[in-house]
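Peer 1: Below is the file upload28.cif, with mmCIF, C-alpha atoms.
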```
data_protein
#
loop_
_atom_site.group_PDB
_atom_site.id
_atom_site.type_symbol
_atom_site.label_atom_id
_atom_site.label_comp_id
_atom_site.auth_asym_id
_atom_site.auth_seq_id
_atom_site.Cartn_x
_atom_site.Cartn_y
_atom_site.Cartn_z
ATOM 1 C CA MET P 25 3.480 -8.322 -1.120
ATOM 2 C CA ASN P 26 5.334 -9.056 2.068
ATOM 3 C CA LYS P 27 7.641 -6.184 2.902
ATOM 4 C CA ARG P 28 10.602 -8.499 3.270
ATOM 5 C CA THR P 29 10.104 -9.964 -0.224
ATOM 6 C CA ILE P 30 12.911 -8.838 -2.510
ATOM 7 C CA THR P 31 12.207 -7.960 -6.116
ATOM 8 C CA LEU P 32 15.205 -9.023 -8.181
ATOM 9 C CA MET P 33 14.036 -8.735 -11.793
ATOM 10 C CA ALA P 34 16.429 -6.505 -13.686
ATOM 11 C CA VAL P 35 13.713 -4.955 -15.839
ATOM 12 C CA ALA P 36 11.673 -3.985 -12.812
ATOM 13 C CA ALA P 37 14.717 -2.537 -11.125
ATOM 14 C CA ALA P 38 15.550 -0.402 -14.106
ATOM 15 C CA GLY P 39 11.994 0.892 -14.281
ATOM 16 C CA VAL P 40 11.692 1.872 -10.660
ATOM 17 C CA LEU P 41 15.127 3.438 -10.552
ATOM 18 C CA ALA P 42 13.994 5.727 -13.318
ATOM 19 C CA LEU P 43 11.029 6.688 -11.160
ATOM 20 C CA SER P 44 13.255 7.319 -8.172
ATOM 21 C CA ALA P 45 15.082 10.037 -10.042
ATOM 22 C CA CYS P 46 11.818 11.987 -10.366
ATOM 23 C CA SER P 47 10.904 14.351 -7.569
ATOM 24 C CA SER P 48 7.520 15.531 -8.807
ATOM 25 C CA GLY P 49 4.091 13.990 -8.563
ATOM 26 C CA SER P 50 2.028 12.427 -5.788
ATOM 27 C CA GLY P 51 4.984 10.555 -4.320
ATOM 28 C CA SER P 52 7.018 13.659 -3.527
ATOM 29 C CA THR P 53 7.183 16.349 -0.860
ATOM 30 C CA THR P 54 8.217 19.952 -0.968
ATOM 31 C CA PRO P 55 9.988 21.833 1.828
ATOM 32 C CA THR P 56 7.621 22.390 4.748
ATOM 33 C CA SER P 57 6.229 25.898 4.863
ATOM 34 C CA GLY P 58 7.531 27.843 7.825
ATOM 35 C CA ALA P 59 9.680 24.944 9.007
ATOM 36 C CA ALA P 60 12.800 27.098 9.372
ATOM 37 C CA ALA P 61 11.234 28.773 12.426
ATOM 38 C CA LYS P 62 12.266 25.759 14.511
ATOM 39 C CA GLY P 63 15.082 24.603 12.281
ATOM 40 C CA GLY P 64 18.589 25.627 11.416
ATOM 41 C CA THR P 65 21.261 25.506 8.748
ATOM 42 C CA GLU P 66 23.086 22.287 9.656
ATOM 43 C CA VAL P 67 22.421 20.740 6.234
ATOM 44 C CA LYS P 68 22.261 23.846 4.062
ATOM 45 C CA GLY P 69 23.013 22.934 0.457
ATOM 46 C CA LEU P 70 21.951 19.308 0.817
ATOM 47 C CA THR P 71 19.652 18.181 -1.972
ATOM 48 C CA GLY P 72 18.255 14.816 -2.975
ATOM 49 C CA VAL P 73 15.467 12.281 -2.717
ATOM 50 C CA ILE P 74 14.497 10.337 0.388
ATOM 51 C CA GLY P 75 13.328 6.879 -0.627
ATOM 52 C CA ALA P 76 10.866 4.444 0.883
ATOM 53 C CA LYS P 77 9.844 0.825 0.575
ATOM 54 C CA ASP P 78 6.261 0.104 -0.361
ATOM 55 C CA PHE P 79 4.349 0.174 2.925
ATOM 56 C CA SER P 80 2.929 2.853 5.209
ATOM 57 C CA GLU P 81 5.642 2.896 7.862
ATOM 58 C CA GLN P 82 8.262 3.610 5.222
ATOM 59 C CA TYR P 83 6.153 6.333 3.628
ATOM 60 C CA ILE P 84 5.801 8.057 6.994
ATOM 61 C CA LEU P 85 9.523 7.757 7.748
ATOM 62 C CA ALA P 86 10.425 9.211 4.351
ATOM 63 C CA TYR P 87 8.180 12.229 4.815
ATOM 64 C CA LEU P 88 9.396 12.735 8.384
ATOM 65 C CA THR P 89 12.994 12.722 7.177
ATOM 66 C CA SER P 90 12.451 15.022 4.219
ATOM 67 C CA ASP P 91 10.456 17.576 6.203
ATOM 68 C CA LEU P 92 12.922 17.632 9.081
ATOM 69 C CA LEU P 93 15.988 17.956 6.860
ATOM 70 C CA ASN P 94 14.286 20.754 4.923
ATOM 71 C CA ALA P 95 13.628 22.583 8.192
ATOM 72 C CA HIS P 96 17.389 22.591 8.709
ATOM 73 C CA GLY P 97 18.434 23.996 5.355
ATOM 74 C CA ALA P 98 18.132 21.097 2.924
ATOM 75 C CA THR P 99 16.020 20.859 -0.201
ATOM 76 C CA THR P 100 14.776 17.288 -0.405
ATOM 77 C CA THR P 101 11.744 15.416 -1.646
ATOM 78 C CA ALA P 102 10.287 12.025 -0.751
ATOM 79 C CA ASN P 103 9.674 9.290 -3.317
ATOM 80 C CA ILE P 104 7.265 6.548 -2.224
ATOM 81 C CA LYS P 105 6.766 4.902 -5.617
ATOM 82 C CA VAL P 106 9.496 2.269 -5.653
ATOM 83 C CA VAL P 107 8.451 -1.352 -5.137
ATOM 84 C CA GLY P 108 10.758 -3.925 -3.557
ATOM 85 C CA SER P 109 13.480 -3.644 -0.929
ATOM 86 C CA ALA P 110 16.238 -4.524 -3.401
ATOM 87 C CA ASN P 111 15.209 -1.690 -5.699
ATOM 88 C CA VAL P 112 15.249 0.860 -2.891
ATOM 89 C CA ARG P 113 18.696 -0.303 -1.814
ATOM 90 C CA ALA P 114 19.886 -0.145 -5.432
ATOM 91 C CA ALA P 115 18.587 3.419 -5.716
ATOM 92 C CA LEU P 116 20.711 4.424 -2.722
ATOM 93 C CA GLU P 117 23.790 2.681 -4.075
ATOM 94 C CA SER P 118 23.398 4.417 -7.446
ATOM 95 C CA ASP P 119 22.746 7.840 -5.849
ATOM 96 C CA ASN P 120 19.182 8.047 -7.159
ATOM 97 C CA PHE P 121 18.183 8.191 -3.508
ATOM 98 C CA MET P 122 20.099 10.331 -1.029
ATOM 99 C CA GLY P 123 18.912 8.137 1.836
ATOM 100 C CA TYR P 124 16.168 5.870 3.151
ATOM 101 C CA TRP P 125 15.215 4.037 6.345
ATOM 102 C CA GLU P 126 16.451 0.455 6.487
ATOM 103 C CA TYR P 127 16.092 -2.332 9.047
ATOM 104 C CA THR P 128 19.072 -4.098 10.586
ATOM 105 C CA GLY P 129 17.742 -7.607 10.014
ATOM 106 C CA THR P 130 17.073 -6.931 6.330
ATOM 107 C CA SER P 131 20.546 -5.579 5.635
ATOM 108 C CA TRP P 132 22.321 -8.187 7.737
ATOM 109 C CA ILE P 133 20.564 -11.202 6.216
ATOM 110 C CA THR P 134 19.536 -10.048 2.739
ATOM 111 C CA TYR P 135 22.197 -7.591 1.592
ATOM 112 C CA ASN P 136 25.165 -8.836 3.580
ATOM 113 C CA LYS P 137 24.312 -12.531 3.073
ATOM 114 C CA ASN P 138 24.460 -13.680 6.688
ATOM 115 C CA THR P 139 22.392 -16.727 7.544
ATOM 116 C CA ALA P 140 21.950 -16.146 11.278
ATOM 117 C CA PRO P 141 21.012 -12.973 13.183
ATOM 118 C CA VAL P 142 23.145 -11.466 15.923
ATOM 119 C CA LYS P 143 21.597 -11.763 19.391
ATOM 120 C CA GLY P 144 20.749 -8.464 21.014
ATOM 121 C CA GLU P 145 19.510 -5.222 19.493
ATOM 122 C CA ALA P 146 22.684 -3.198 20.026
ATOM 123 C CA ALA P 147 24.963 -6.013 18.904
ATOM 124 C CA GLN P 148 22.903 -6.542 15.746
ATOM 125 C CA PHE P 149 23.022 -2.840 14.944
ATOM 126 C CA ASP P 150 26.779 -2.602 15.445
ATOM 127 C CA ALA P 151 27.382 -5.681 13.277
ATOM 128 C CA THR P 152 25.138 -4.365 10.509
ATOM 129 C CA LYS P 153 26.702 -0.909 10.603
ATOM 130 C CA ALA P 154 30.186 -2.402 10.316
ATOM 131 C CA ALA P 155 29.167 -4.720 7.471
ATOM 132 C CA ASP P 156 27.585 -1.924 5.447
ATOM 133 C CA ALA P 157 30.543 0.382 6.025
ATOM 134 C CA LYS P 158 32.425 -1.971 3.694
ATOM 135 C CA ASN P 159 29.722 -1.243 1.109
ATOM 136 C CA GLY P 160 30.148 2.521 1.450
ATOM 137 C CA ILE P 161 26.847 2.899 3.300
ATOM 138 C CA ALA P 162 26.561 4.683 6.644
ATOM 139 C CA TRP P 163 23.975 3.918 9.315
ATOM 140 C CA LEU P 164 22.930 6.866 11.471
ATOM 141 C CA ASP P 165 21.998 6.334 15.114
ATOM 142 C CA PRO P 166 18.881 4.131 15.108
ATOM 143 C CA ALA P 167 15.372 4.673 16.368
ATOM 144 C CA PRO P 168 14.186 2.385 19.201
ATOM 145 C CA LEU P 169 11.525 0.866 16.907
ATOM 146 C CA ASN P 170 11.891 -2.829 16.095
ATOM 147 C CA ASN P 171 9.666 -3.935 13.222
ATOM 148 C CA THR P 172 10.414 -7.612 13.601
ATOM 149 C CA TYR P 173 8.198 -10.646 13.262
ATOM 150 C CA ALA P 174 5.985 -11.475 16.216
ATOM 151 C CA PHE P 175 2.933 -13.485 17.178
ATOM 152 C CA ALA P 176 -0.133 -11.786 18.592
ATOM 153 C CA ILE P 177 -3.393 -12.934 20.148
ATOM 154 C CA ARG P 178 -6.603 -11.230 21.260
ATOM 155 C CA SER P 179 -5.887 -9.528 24.561
ATOM 156 C CA ASP P 180 -8.829 -11.146 26.337
ATOM 157 C CA LYS P 181 -7.789 -14.574 25.083
ATOM 158 C CA ALA P 182 -4.199 -13.997 26.206
ATOM 159 C CA LYS P 183 -5.483 -13.364 29.720
ATOM 160 C CA SER P 184 -7.766 -16.393 29.747
ATOM 161 C CA LEU P 185 -4.967 -18.675 28.519
ATOM 162 C CA GLY P 186 -2.384 -17.042 30.764
ATOM 163 C CA VAL P 187 0.157 -16.534 27.965
ATOM 164 C CA THR P 188 2.673 -13.708 27.642
ATOM 165 C CA SER P 189 5.541 -15.349 25.725
ATOM 166 C CA LEU P 190 6.223 -17.777 22.899
ATOM 167 C CA SER P 191 7.427 -20.310 25.455
ATOM 168 C CA ASP P 192 3.993 -20.152 27.083
ATOM 169 C CA ILE P 193 2.356 -21.111 23.789
ATOM 170 C CA ALA P 194 4.287 -24.376 23.591
ATOM 171 C CA LYS P 195 2.876 -25.375 27.001
ATOM 172 C CA LEU P 196 -0.757 -24.979 25.930
ATOM 173 C CA PRO P 197 -2.997 -27.883 24.945
ATOM 174 C CA VAL P 198 -2.521 -28.615 21.241
ATOM 175 C CA LYS P 199 -6.108 -27.578 20.487
ATOM 176 C CA GLU P 200 -5.247 -24.027 21.634
ATOM 177 C CA GLN P 201 -2.040 -23.877 19.584
ATOM 178 C CA THR P 202 -3.607 -22.643 16.345
ATOM 179 C CA PHE P 203 -1.695 -20.300 14.051
ATOM 180 C CA CYS P 204 -2.247 -17.988 11.069
ATOM 181 C CA ILE P 205 0.924 -17.274 9.078
ATOM 182 C CA GLU P 206 2.010 -16.027 5.648
ATOM 183 C CA SER P 207 3.188 -18.457 2.977
ATOM 184 C CA GLU P 208 6.680 -16.884 2.891
ATOM 185 C CA PHE P 209 6.992 -17.085 6.666
ATOM 186 C CA SER P 210 6.078 -20.774 6.508
ATOM 187 C CA THR P 211 9.365 -21.641 4.760
ATOM 188 C CA ARG P 212 11.871 -19.057 6.064
ATOM 189 C CA ASP P 213 14.686 -20.177 8.361
ATOM 190 C CA ASP P 214 13.866 -17.175 10.530
ATOM 191 C CA GLY P 215 10.182 -18.075 10.255
ATOM 192 C CA TRP P 216 7.926 -21.006 11.090
ATOM 193 C CA PRO P 217 10.390 -23.940 10.750
ATOM 194 C CA GLY P 218 12.986 -22.292 12.968
ATOM 195 C CA LEU P 219 10.422 -21.005 15.430
ATOM 196 C CA LYS P 220 8.937 -24.456 16.011
ATOM 197 C CA LYS P 221 12.367 -25.889 16.652
ATOM 198 C CA ALA P 222 13.458 -23.076 18.956
ATOM 199 C CA TYR P 223 10.346 -23.212 21.127
ATOM 200 C CA GLY P 224 9.455 -26.879 20.883
ATOM 201 C CA ILE P 225 6.119 -26.298 19.188
ATOM 202 C CA THR P 226 4.742 -29.551 17.764
ATOM 203 C CA VAL P 227 1.341 -29.203 16.166
ATOM 204 C CA PRO P 228 -0.329 -30.943 13.212
ATOM 205 C CA ASP P 229 -0.483 -29.098 9.883
ATOM 206 C CA SER P 230 -4.220 -28.675 10.382
ATOM 207 C CA ASN P 231 -3.454 -26.228 13.217
ATOM 208 C CA VAL P 232 -1.676 -23.863 10.816
ATOM 209 C CA LYS P 233 -3.478 -21.733 8.216
ATOM 210 C CA LEU P 234 -1.688 -19.849 5.422
ATOM 211 C CA LEU P 235 -3.263 -16.421 4.869
ATOM 212 C CA ASP P 236 -2.430 -13.037 3.332
ATOM 213 C CA THR P 237 -0.907 -10.464 5.673
ATOM 214 C CA GLY P 238 -3.976 -8.270 6.118
ATOM 215 C CA VAL P 239 -6.294 -11.224 6.635
ATOM 216 C CA ILE P 240 -4.098 -12.569 9.435
ATOM 217 C CA TYR P 241 -4.834 -9.540 11.601
ATOM 218 C CA THR P 242 -8.602 -9.746 11.179
ATOM 219 C CA GLU P 243 -8.707 -13.514 11.639
ATOM 220 C CA THR P 244 -6.582 -13.286 14.760
ATOM 221 C CA LYS P 245 -9.029 -10.727 16.131
ATOM 222 C CA LYS P 246 -11.964 -13.049 15.394
ATOM 223 C CA GLY P 247 -10.209 -15.960 17.072
ATOM 224 C CA THR P 248 -11.993 -18.696 15.133
ATOM 225 C CA THR P 249 -9.410 -19.585 12.468
ATOM 226 C CA CYS P 250 -6.488 -19.206 14.870
ATOM 227 C CA ASN P 251 -5.520 -17.970 18.301
ATOM 228 C CA PHE P 252 -2.062 -16.743 17.288
ATOM 229 C CA GLY P 253 -1.333 -14.647 14.218
ATOM 230 C CA GLU P 254 2.006 -13.729 12.676
ATOM 231 C CA VAL P 255 2.348 -9.941 12.731
ATOM 232 C CA PHE P 256 4.921 -7.205 12.324
ATOM 233 C CA GLN P 257 5.641 -5.572 15.638
ATOM 234 C CA THR P 258 5.122 -1.922 14.656
ATOM 235 C CA ASP P 259 1.908 -2.544 12.702
ATOM 236 C CA GLY P 260 -0.826 -0.151 13.774
ATOM 237 C CA ARG P 261 -3.488 -2.835 13.559
ATOM 238 C CA ILE P 262 -2.056 -4.527 16.663
ATOM 239 C CA LYS P 263 -3.213 -1.652 18.842
ATOM 240 C CA ALA P 264 -6.367 -0.919 16.863
ATOM 241 C CA LEU P 265 -7.591 -4.525 17.126
ATOM 242 C CA ASP P 266 -6.562 -4.874 20.780
ATOM 243 C CA LEU P 267 -4.073 -7.656 20.160
ATOM 244 C CA THR P 268 -1.304 -8.634 22.585
ATOM 245 C CA VAL P 269 2.153 -9.461 21.223
ATOM 246 C CA MET P 270 3.839 -12.522 22.697
ATOM 247 C CA LYS P 271 7.334 -11.897 24.029
ATOM 248 C CA ASP P 272 10.098 -13.588 22.027
ATOM 249 C CA ASN P 273 11.808 -14.640 25.236
ATOM 250 C CA LYS P 274 14.473 -16.731 23.477
ATOM 251 C CA GLU P 275 15.283 -13.898 21.030
ATOM 252 C CA PHE P 276 14.636 -16.146 18.050
ATOM 253 C CA PHE P 277 13.504 -13.506 15.577
ATOM 254 C CA PRO P 278 16.099 -11.190 14.017
ATOM 255 C CA VAL P 279 16.028 -7.587 15.185
ATOM 256 C CA TYR P 280 14.606 -5.235 12.564
ATOM 257 C CA GLN P 281 15.626 -1.928 14.113
ATOM 258 C CA GLY P 282 15.148 1.075 11.872
ATOM 259 C CA ALA P 283 17.728 3.726 10.993
ATOM 260 C CA LEU P 284 18.356 6.209 8.216
ATOM 261 C CA THR P 285 21.005 4.957 5.798
ATOM 262 C CA VAL P 286 22.995 7.242 3.501
ATOM 263 C CA LYS P 287 26.135 6.985 1.430
ATOM 264 C CA GLN P 288 29.272 7.533 3.521
ATOM 265 C CA SER P 289 30.373 10.107 0.972
ATOM 266 C CA THR P 290 27.155 12.057 1.553
ATOM 267 C CA LEU P 291 27.560 11.968 5.321
ATOM 268 C CA ALA P 292 31.179 13.091 5.002
ATOM 269 C CA LYS P 293 30.081 16.125 2.990
ATOM 270 C CA TYR P 294 27.084 16.885 5.188
ATOM 271 C CA PRO P 295 27.839 15.585 8.713
ATOM 272 C CA GLY P 296 24.940 17.667 10.021
ATOM 273 C CA ILE P 297 22.547 15.004 8.692
ATOM 274 C CA ALA P 298 23.310 12.845 11.716
ATOM 275 C CA LYS P 299 22.661 15.704 14.144
ATOM 276 C CA VAL P 300 19.343 16.600 12.541
ATOM 277 C CA ILE P 301 17.991 13.047 12.338
ATOM 278 C CA ALA P 302 19.010 12.451 15.957
ATOM 279 C CA LEU P 303 16.474 15.116 16.962
ATOM 280 C CA MET P 304 13.634 12.739 16.086
ATOM 281 C CA ALA P 305 15.073 9.217 15.905
ATOM 282 C CA GLY P 306 14.970 8.604 19.651
ATOM 283 C CA LYS P 307 11.256 9.451 19.739
ATOM 284 C CA LEU P 308 10.320 6.747 17.218
ATOM 285 C CA THR P 309 9.694 3.840 19.568
ATOM 286 C CA THR P 310 7.840 0.683 18.589
ATOM 287 C CA ALA P 311 4.713 1.960 20.354
ATOM 288 C CA GLU P 312 4.962 5.396 18.732
ATOM 289 C CA MET P 313 5.379 3.833 15.302
ATOM 290 C CA GLN P 314 2.348 1.621 15.922
ATOM 291 C CA THR P 315 0.308 4.748 16.604
ATOM 292 C CA LEU P 316 1.529 6.527 13.477
ATOM 293 C CA ASN P 317 1.027 3.449 11.306
ATOM 294 C CA ALA P 318 -2.528 3.051 12.607
ATOM 295 C CA LYS P 319 -3.360 6.530 11.376
ATOM 296 C CA ALA P 320 -2.478 5.365 7.862
ATOM 297 C CA ASP P 321 -3.540 1.706 7.844
ATOM 298 C CA VAL P 322 -6.605 1.934 10.093
ATOM 299 C CA ASP P 323 -7.825 5.530 9.824
ATOM 300 C CA GLY P 324 -6.788 6.029 6.196
ATOM 301 C CA ASP P 325 -4.898 9.288 6.789
ATOM 302 C CA ASP P 326 -2.295 10.558 4.298
ATOM 303 C CA PRO P 327 1.256 9.551 5.391
ATOM 304 C CA LYS P 328 2.539 12.984 4.358
ATOM 305 C CA THR P 329 0.053 14.692 6.671
ATOM 306 C CA ILE P 330 0.722 12.193 9.457
ATOM 307 C CA ALA P 331 4.434 12.974 9.295
ATOM 308 C CA HIS P 332 3.993 16.742 9.209
ATOM 309 C CA ASP P 333 1.519 16.780 12.096
ATOM 310 C CA TRP P 334 3.773 14.578 14.230
ATOM 311 C CA LEU P 335 6.813 16.801 13.669
ATOM 312 C CA VAL P 336 4.742 19.817 14.684
ATOM 313 C CA SER P 337 3.384 18.021 17.762
ATOM 314 C CA GLN P 338 6.939 17.186 18.839
ATOM 315 C CA GLY P 339 8.100 20.756 18.379
ATOM 316 C CA LEU P 340 10.567 19.733 15.684
ATOM 317 C CA ILE P 341 9.252 22.045 12.965
#
```
Represent the structure of the file as structure tokens.

Peer 2:
Amino acid sequence: MNKRTITLMAVAAAGVLALSACSSGSGSTTPTSGAAAKGGTEVKGLTGVIGAKDFSEQYILAYLTSDLLNAHGATTTANIKVVGSANVRAALESDNFMGYWEYTGTSWITYNKNTAPVKGEAAQFDATKAADAKNGIAWLDPAPLNNTYAFAIRSDKAKSLGVTSLSDIAKLPVKEQTFCIESEFSTRDDGWPGLKKAYGITVPDSNVKLLDTGVIYTETKKGTTCNFGEVFQTDGRIKALDLTVMKDNKEFFPVYQGALTVKQSTLAKYPGIAKVIALMAGKLTTAEMQTLNAKADVDGDDPKTIAHDWLVSQGLI
């Protein structure tokens, strides 16, 4: 399932919200042993569940957040069992989740019902933060990571074609303008239809293949089905497969910058949450997130272990 796909069925929502209230089992963490040695008491007394959407990056972010908060006096667990962005958001709104990492583009377009993104990363963040404040949800200072849509190509092919941006693609011979995309992306306003219009890409339907997300990466690496594959910018397979991401030089795609979201009431009671999360947020760049995601999606490592080891390596716990 595409991570931007929203599950809206009421029965499913009720079921997963019940799961989110549980803190035991394989989807949960316990306070990191010995973490207090490099921690503090900024969030002493804070309890709750850190949620996650259903893909590796979110699992890692949830474990990072829970472990770091616990090192500073909290008692939290991570729940990685909920399926669907809407259900995770609902769990936060109903206090089943204390917090979770959200993306600006998702909240701005999906939850706040805006049809067009705001140009510029900082401007998009500020607009999203202000919109969600009306919903009683606070956005902490964001990480630099931007998990937006992108198009990638084999690095050697990018060099031979001389392309670095989406505008460069439109100048190529039509036979070189071959694309692999997801079915959902093929119909989204912020997807294929809008992209073609923004960049003046005019290719026959035969140049575009609809594939599942995982297959797109491998087919793009092979370079036979397509030269350019639709990817998510922080996906670890980009680096692992030696793909080069084309620059979105016209800023067509919405910004999907990540930040921890919590209820404003929770932040008011425990303002130290912002201070603690700020210790790591600035380190989570797009490149760093690619590396961490690759450990899960390429190497098969446990997200919980990935998170713990990274916090240790950064001297945060």

Peer 1: Starting from the PyMOL selection byres ((chain P and resi 285) around 10), expand the selection into actual residues of this file and give them as a PyMOL selection string.

Peer 2: chain P and resi 113+116+122-127+153+156+161-166+282-284+286-288+291

Peer 1: Could you write out the selected residues, including C-alpha atoms, as a PDB file, in the coordinates of the input?

Peer 2:
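File produced: part24.pdb:
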```pdb
ATOM      1  CA  ARG P 113      18.696  -0.303  -1.814  1.00  0.00           C
ATOM      2  CA  LEU P 116      20.711   4.424  -2.722  1.00  0.00           C
ATOM      3  CA  MET P 122      20.099  10.331  -1.029  1.00  0.00           C
ATOM      4  CA  GLY P 123      18.912   8.137   1.836  1.00  0.00           C
ATOM      5  CA  TYR P 124      16.168   5.870   3.151  1.00  0.00           C
ATOM      6  CA  TRP P 125      15.215   4.037   6.345  1.00  0.00           C
ATOM      7  CA  GLU P 126      16.451   0.455   6.487  1.00  0.00           C
ATOM      8  CA  TYR P 127      16.092  -2.332   9.047  1.00  0.00           C
ATOM      9  CA  LYS P 153      26.702  -0.909  10.603  1.00  0.00           C
ATOM     10  CA  ASP P 156      27.585  -1.924   5.447  1.00  0.00           C
ATOM     11  CA  ILE P 161      26.847   2.899   3.300  1.00  0.00           C
ATOM     12  CA  ALA P 162      26.561   4.683   6.644  1.00  0.00           C
ATOM     13  CA  TRP P 163      23.975   3.918   9.315  1.00  0.00           C
ATOM     14  CA  LEU P 164      22.930   6.866  11.471  1.00  0.00           C
ATOM     15  CA  ASP P 165      21.998   6.334  15.114  1.00  0.00           C
ATOM     16  CA  PRO P 166      18.881   4.131  15.108  1.00  0.00           C
ATOM     17  CA  GLY P 282      15.148   1.075  11.872  1.00  0.00           C
ATOM     18  CA  ALA P 283      17.728   3.726  10.993  1.00  0.00           C
ATOM     19  CA  LEU P 284      18.356   6.209   8.216  1.00  0.00           C
ATOM     20  CA  VAL P 286      22.995   7.242   3.501  1.00  0.00           C
ATOM     21  CA  LYS P 287      26.135   6.985   1.430  1.00  0.00           C
ATOM     22  CA  GLN P 288      29.272   7.533   3.521  1.00  0.00           C
ATOM     23  CA  LEU P 291      27.560  11.968   5.321  1.00  0.00           C
TER      24      LEU P 291
END
```

Peer 1: Fewer than 4 positions away in the same chain doesn't count, so skip those; otherwise give me all residues within 9 Å of P:Asp180, counting all atoms listed in the file, as number ranges by chain.

Peer 2: P: 184-185, 266-268

Peer 1: Which residue out of P:Ser118, P:Gln82, P:Thr248, P:Ser289 has the minimum interatomic distance to P:Asn317 when only C-alpha atoms are used?

Peer 2: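 That would be P:Gln82, the residue with the smallest distance to P:Asn317.
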
Peer 1: What gap, in Å, lies between atom CA of P:Leu340 and atom CA of P:Thr89?

Peer 2: 11.3 Å

Peer 1: If I take atom CA of P:Gly129 and atom CA of P:Ala302, how far is one from the other in Å, to one decimal?

Peer 2: 21.0 Å

Peer 1: Using the chain letters and numbers from the file, give me the residues hit by the PyMOL selection byres ((chain P and resi 321-334) around 8), as a list in words.

Peer 2: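 On this input, the PyMOL selection byres ((chain P and resi 321-334) around 8) captures Thr53, Ser80, Tyr83, Ile84, Leu85, Tyr87, Leu88, Asp91, Gly260, Arg261, Ala264, Leu316, Asn317, Ala318, Lys319, Ala320, Leu335, Val336, Ser337 and Gln338 of chain P.
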
Peer 1: Please provide as number ranges by chain all residues within 8 Å of stretch 171-173 of chain P, with the sequence filter that same-chain residues fewer than 5 positions apart are discarded (counting only C-alpha atoms).

Peer 2: P: 127, 254-259, 277-282, 310

Peer 1: Identify, on the basis of all atoms listed in the file, every residue whose closest approach to stretch 135-143 of chain P does not exceed 12 Å; exclude the query and any residue fewer than 5 positions from it along the same chain; express the result as a PDB file with C-alpha atoms, in the coordinates of the input.

Peer 2:
```pdb
ATOM      1  CA  ARG P  28      10.602  -8.499   3.270  1.00  0.00           C
ATOM      2  CA  ILE P  30      12.911  -8.838  -2.510  1.00  0.00           C
ATOM      3  CA  SER P 109      13.480  -3.644  -0.929  1.00  0.00           C
ATOM      4  CA  ALA P 110      16.238  -4.524  -3.401  1.00  0.00           C
ATOM      5  CA  ASN P 111      15.209  -1.690  -5.699  1.00  0.00           C
ATOM      6  CA  VAL P 112      15.249   0.860  -2.891  1.00  0.00           C
ATOM      7  CA  ARG P 113      18.696  -0.303  -1.814  1.00  0.00           C
ATOM      8  CA  ALA P 114      19.886  -0.145  -5.432  1.00  0.00           C
ATOM      9  CA  GLU P 117      23.790   2.681  -4.075  1.00  0.00           C
ATOM     10  CA  GLU P 126      16.451   0.455   6.487  1.00  0.00           C
ATOM     11  CA  TYR P 127      16.092  -2.332   9.047  1.00  0.00           C
ATOM     12  CA  THR P 128      19.072  -4.098  10.586  1.00  0.00           C
ATOM     13  CA  GLY P 129      17.742  -7.607  10.014  1.00  0.00           C
ATOM     14  CA  THR P 130      17.073  -6.931   6.330  1.00  0.00           C
ATOM     15  CA  GLN P 148      22.903  -6.542  15.746  1.00  0.00           C
ATOM     16  CA  PHE P 149      23.022  -2.840  14.944  1.00  0.00           C
ATOM     17  CA  ASP P 150      26.779  -2.602  15.445  1.00  0.00           C
ATOM     18  CA  ALA P 151      27.382  -5.681  13.277  1.00  0.00           C
ATOM     19  CA  THR P 152      25.138  -4.365  10.509  1.00  0.00           C
ATOM     20  CA  LYS P 153      26.702  -0.909  10.603  1.00  0.00           C
ATOM     21  CA  ALA P 154      30.186  -2.402  10.316  1.00  0.00           C
ATOM     22  CA  ALA P 155      29.167  -4.720   7.471  1.00  0.00           C
ATOM     23  CA  ASP P 156      27.585  -1.924   5.447  1.00  0.00           C
ATOM     24  CA  ALA P 157      30.543   0.382   6.025  1.00  0.00           C
ATOM     25  CA  LYS P 158      32.425  -1.971   3.694  1.00  0.00           C
ATOM     26  CA  ASN P 159      29.722  -1.243   1.109  1.00  0.00           C
ATOM     27  CA  ILE P 161      26.847   2.899   3.300  1.00  0.00           C
ATOM     28  CA  THR P 172      10.414  -7.612  13.601  1.00  0.00           C
ATOM     29  CA  ARG P 212      11.871 -19.057   6.064  1.00  0.00           C
ATOM     30  CA  ASP P 213      14.686 -20.177   8.361  1.00  0.00           C
ATOM     31  CA  ASP P 214      13.866 -17.175  10.530  1.00  0.00           C
ATOM     32  CA  GLY P 215      10.182 -18.075  10.255  1.00  0.00           C
ATOM     33  CA  GLY P 218      12.986 -22.292  12.968  1.00  0.00           C
ATOM     34  CA  ASP P 272      10.098 -13.588  22.027  1.00  0.00           C
ATOM     35  CA  ASN P 273      11.808 -14.640  25.236  1.00  0.00           C
ATOM     36  CA  LYS P 274      14.473 -16.731  23.477  1.00  0.00           C
ATOM     37  CA  GLU P 275      15.283 -13.898  21.030  1.00  0.00           C
ATOM     38  CA  PHE P 276      14.636 -16.146  18.050  1.00  0.00           C
ATOM     39  CA  PHE P 277      13.504 -13.506  15.577  1.00  0.00           C
ATOM     40  CA  PRO P 278      16.099 -11.190  14.017  1.00  0.00           C
ATOM     41  CA  VAL P 279      16.028  -7.587  15.185  1.00  0.00           C
ATOM     42  CA  TYR P 280      14.606  -5.235  12.564  1.00  0.00           C
TER      43      TYR P 280
END
```

Peer 1: Work out how far apart atom CA of P:Ala146 and atom CA of P:Trp216 are and give it in Å to one decimal.

Peer 2: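 Taking atom CA of P:Ala146 as the start and atom CA of P:Trp216 as the end point, the length is 24.8 Å.
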
Peer 1: Please write the residues picked by the PyMOL selection byres ((chain P and resi 197) around 12) on this file as a VMD selection string.

Peer 2: chain P and resid 185 192 to 196 198 to 202 225 to 227 231
